[in-house]
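Have a look at the structure below, then the notes.
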Amino acid sequence: MVEHDQGLLASGAQRLAAFDTQRPAEHHPALKQGHPPVFHKTTISYKGERATSDSYCKTQRIHNFGKPRLVINHRKADLSDAAMFFISNKLNWPAHGITRIRRHRWPGEVYHEEGKADGLDQDQVRDFQAISRHIALVAVTYS
């Protein structure tokens, strides 16, 4: 997530959370007036389950990130829940593609973080056999 970063928008710099609070103010009137919505329904499948969210997806200038693809997802249709923010350098990918890849990456990120917490990052001076055994023990502990 990139909640604490700032987007450099036409209106000036602002936090992405503040940027997100303006999107429902544009989305709901657009729906009432028959204009294209700001958020679109996105459904992804992961391990046999389907998850649906309302997604905003646009290439947006973000401070310290250049001009990546920004995806803002809300699980509630009224957009009242906390947003999830994703950025990607794949500028032509739609929201569901970025969200799906992020969903598949998450277990790997958790495994890496847990491994470091269990000492996996302290293996720089050991030999290969010791590292292999340690990784196996961390994997057993994690599972």
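Identifiers in this document derive from the order of the structure tokens: chains are assigned A, B, ..., residues are numbered from 1 separately in each chain, and ligands are numbered from 1 in order of occurrence.
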
Compile the contact shell of A:Val110 as JSON, numbers by chain: residues with an atom at most 12 Å away, counting only C-alpha atoms, same-chain residues fewer than 5 positions apart removed.
{"A": [103, 104, 105, 115, 116, 117, 139, 142, 143]}

Residues at most 12 Å from stretch 37-45 of chain A, counting only C-alpha atoms, excluding those fewer than 4 positions away in the same chain, as a ChimeraX atom specification?
/A:20,22-33,49-58,71-79,94-104

Could you write out that same residue set with C-alpha atoms as a PDB file, in the first residue's frame?
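Resulting contents of result_17.pdb:
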ATOM      1  CA  ASP A  20      -9.502   8.948  -2.541  1.00  0.00           C
ATOM      2  CA  GLN A  22     -12.714  13.116  -3.447  1.00  0.00           C
ATOM      3  CA  ARG A  23     -13.443  10.197  -5.815  1.00  0.00           C
ATOM      4  CA  PRO A  24     -16.813   9.201  -4.246  1.00  0.00           C
ATOM      5  CA  ALA A  25     -17.855  12.859  -4.481  1.00  0.00           C
ATOM      6  CA  GLU A  26     -17.332  12.531  -8.258  1.00  0.00           C
ATOM      7  CA  HIS A  27     -18.574   8.939  -8.567  1.00  0.00           C
ATOM      8  CA  HIS A  28     -22.031   9.175  -6.985  1.00  0.00           C
ATOM      9  CA  PRO A  29     -23.187  12.303  -8.912  1.00  0.00           C
ATOM     10  CA  ALA A  30     -21.852  10.790 -12.158  1.00  0.00           C
ATOM     11  CA  LEU A  31     -24.014   7.709 -11.626  1.00  0.00           C
ATOM     12  CA  LYS A  32     -27.095   9.816 -10.862  1.00  0.00           C
ATOM     13  CA  GLN A  33     -26.588  11.924 -13.993  1.00  0.00           C
ATOM     14  CA  GLU A  49     -12.923 -17.856  -4.344  1.00  0.00           C
ATOM     15  CA  ARG A  50     -14.175 -14.709  -6.044  1.00  0.00           C
ATOM     16  CA  ALA A  51     -13.610 -11.252  -4.604  1.00  0.00           C
ATOM     17  CA  THR A  52     -15.421  -8.186  -5.909  1.00  0.00           C
ATOM     18  CA  SER A  53     -14.437  -4.579  -5.351  1.00  0.00           C
ATOM     19  CA  ASP A  54     -15.097  -1.163  -6.813  1.00  0.00           C
ATOM     20  CA  SER A  55     -11.926   0.071  -8.462  1.00  0.00           C
ATOM     21  CA  TYR A  56     -10.537   3.379  -9.648  1.00  0.00           C
ATOM     22  CA  CYS A  57      -7.689   2.873 -12.114  1.00  0.00           C
ATOM     23  CA  LYS A  58      -5.688   5.603 -13.815  1.00  0.00           C
ATOM     24  CA  VAL A  71      -5.522   1.480  -8.448  1.00  0.00           C
ATOM     25  CA  ILE A  72      -7.818   2.313  -5.538  1.00  0.00           C
ATOM     26  CA  ASN A  73     -10.077  -0.547  -4.408  1.00  0.00           C
ATOM     27  CA  HIS A  74     -13.070  -0.448  -2.091  1.00  0.00           C
ATOM     28  CA  ARG A  75     -14.887  -3.610  -1.035  1.00  0.00           C
ATOM     29  CA  LYS A  76     -18.131  -1.814  -0.195  1.00  0.00           C
ATOM     30  CA  ALA A  77     -20.229  -0.546  -3.104  1.00  0.00           C
ATOM     31  CA  ASP A  78     -20.933   2.744  -1.327  1.00  0.00           C
ATOM     32  CA  LEU A  79     -17.133   3.339  -1.064  1.00  0.00           C
ATOM     33  CA  PRO A  94      -6.614  -2.759 -16.043  1.00  0.00           C
ATOM     34  CA  ALA A  95      -7.536  -2.687 -12.346  1.00  0.00           C
ATOM     35  CA  HIS A  96      -8.438  -6.383 -12.168  1.00  0.00           C
ATOM     36  CA  GLY A  97      -5.013  -7.391 -13.558  1.00  0.00           C
ATOM     37  CA  ILE A  98      -3.080  -5.324 -11.027  1.00  0.00           C
ATOM     38  CA  THR A  99      -5.343  -6.466  -8.178  1.00  0.00           C
ATOM     39  CA  ARG A 100      -5.041 -10.129  -9.198  1.00  0.00           C
ATOM     40  CA  ILE A 101      -1.231 -10.005  -9.366  1.00  0.00           C
ATOM     41  CA  ARG A 102      -1.108  -8.242  -5.998  1.00  0.00           C
ATOM     42  CA  ARG A 103      -3.318 -10.950  -4.496  1.00  0.00           C
ATOM     43  CA  HIS A 104      -1.012 -13.676  -5.765  1.00  0.00           C
TER      44      HIS A 104
END

How many Å separate atom CA of A:Trp93 from atom CA of A:Tyr46?
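Rounded to one decimal, the two atoms are 18.3 Å apart.
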
Identify, with DSSP run on backbone atoms, the residues in chain A assigned to alpha helix (DSSP H), and express the list as a PyMOL selection string.
chain A and resi 16-32+95-117+128-142

In Å, rounded to a single decimal, give me how far atom CA of A:Ser88 is from atom CA of A:Leu70.
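Separation of atom CA of A:Leu70 and atom CA of A:Ser88: 6.8 Å.
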
Quick one: pull the distance between atom CA of A:Lys90 and atom CA of A:Thr59, Å, one decimal.
9.4 Å

Give me, as JSON lines, the closest atom pair and its distance (Å, one decimal) for every residue of stretch 48-130 of chain A within a cut-off of 12 Å of stretch 12-19 of chain A, counting only C-alpha atoms, rows sorted by chain and rising number.
{"residue": "A:Tyr56", "atom": "CA", "partner": "A:Phe19", "partner_atom": "CA", "distance": 11.3}
{"residue": "A:Gln60", "atom": "CA", "partner": "A:Leu16", "partner_atom": "CA", "distance": 10.7}
{"residue": "A:Arg61", "atom": "CA", "partner": "A:Ala13", "partner_atom": "CA", "distance": 9.9}
{"residue": "A:Ile62", "atom": "CA", "partner": "A:Leu16", "partner_atom": "CA", "distance": 8.8}
{"residue": "A:His63", "atom": "CA", "partner": "A:Ala13", "partner_atom": "CA", "distance": 8.3}
{"residue": "A:Asn64", "atom": "CA", "partner": "A:Ala13", "partner_atom": "CA", "distance": 11.9}
{"residue": "A:Leu70", "atom": "CA", "partner": "A:Leu16", "partner_atom": "CA", "distance": 9.8}
{"residue": "A:Val71", "atom": "CA", "partner": "A:Leu16", "partner_atom": "CA", "distance": 10.8}
{"residue": "A:Ile72", "atom": "CA", "partner": "A:Leu16", "partner_atom": "CA", "distance": 9.3}
{"residue": "A:Asn73", "atom": "CA", "partner": "A:Ala17", "partner_atom": "CA", "distance": 11.7}
{"residue": "A:Asp81", "atom": "CA", "partner": "A:Ala17", "partner_atom": "CA", "distance": 11.8}
{"residue": "A:Ala82", "atom": "CA", "partner": "A:Ala17", "partner_atom": "CA", "distance": 9.0}
{"residue": "A:Ala83", "atom": "CA", "partner": "A:Ala17", "partner_atom": "CA", "distance": 7.8}
{"residue": "A:Met84", "atom": "CA", "partner": "A:Ala17", "partner_atom": "CA", "distance": 9.5}
{"residue": "A:Phe85", "atom": "CA", "partner": "A:Leu16", "partner_atom": "CA", "distance": 8.2}
{"residue": "A:Phe86", "atom": "CA", "partner": "A:Leu16", "partner_atom": "CA", "distance": 10.7}
{"residue": "A:Ile87", "atom": "CA", "partner": "A:Leu16", "partner_atom": "CA", "distance": 11.3}

Please extract the residues of chain A with a backbone DSSP assignment of strand (DSSP E) and present them as a PyMOL selection string.
chain A and resi 6-9+12-15+40-46+49-59+69-74+84-88
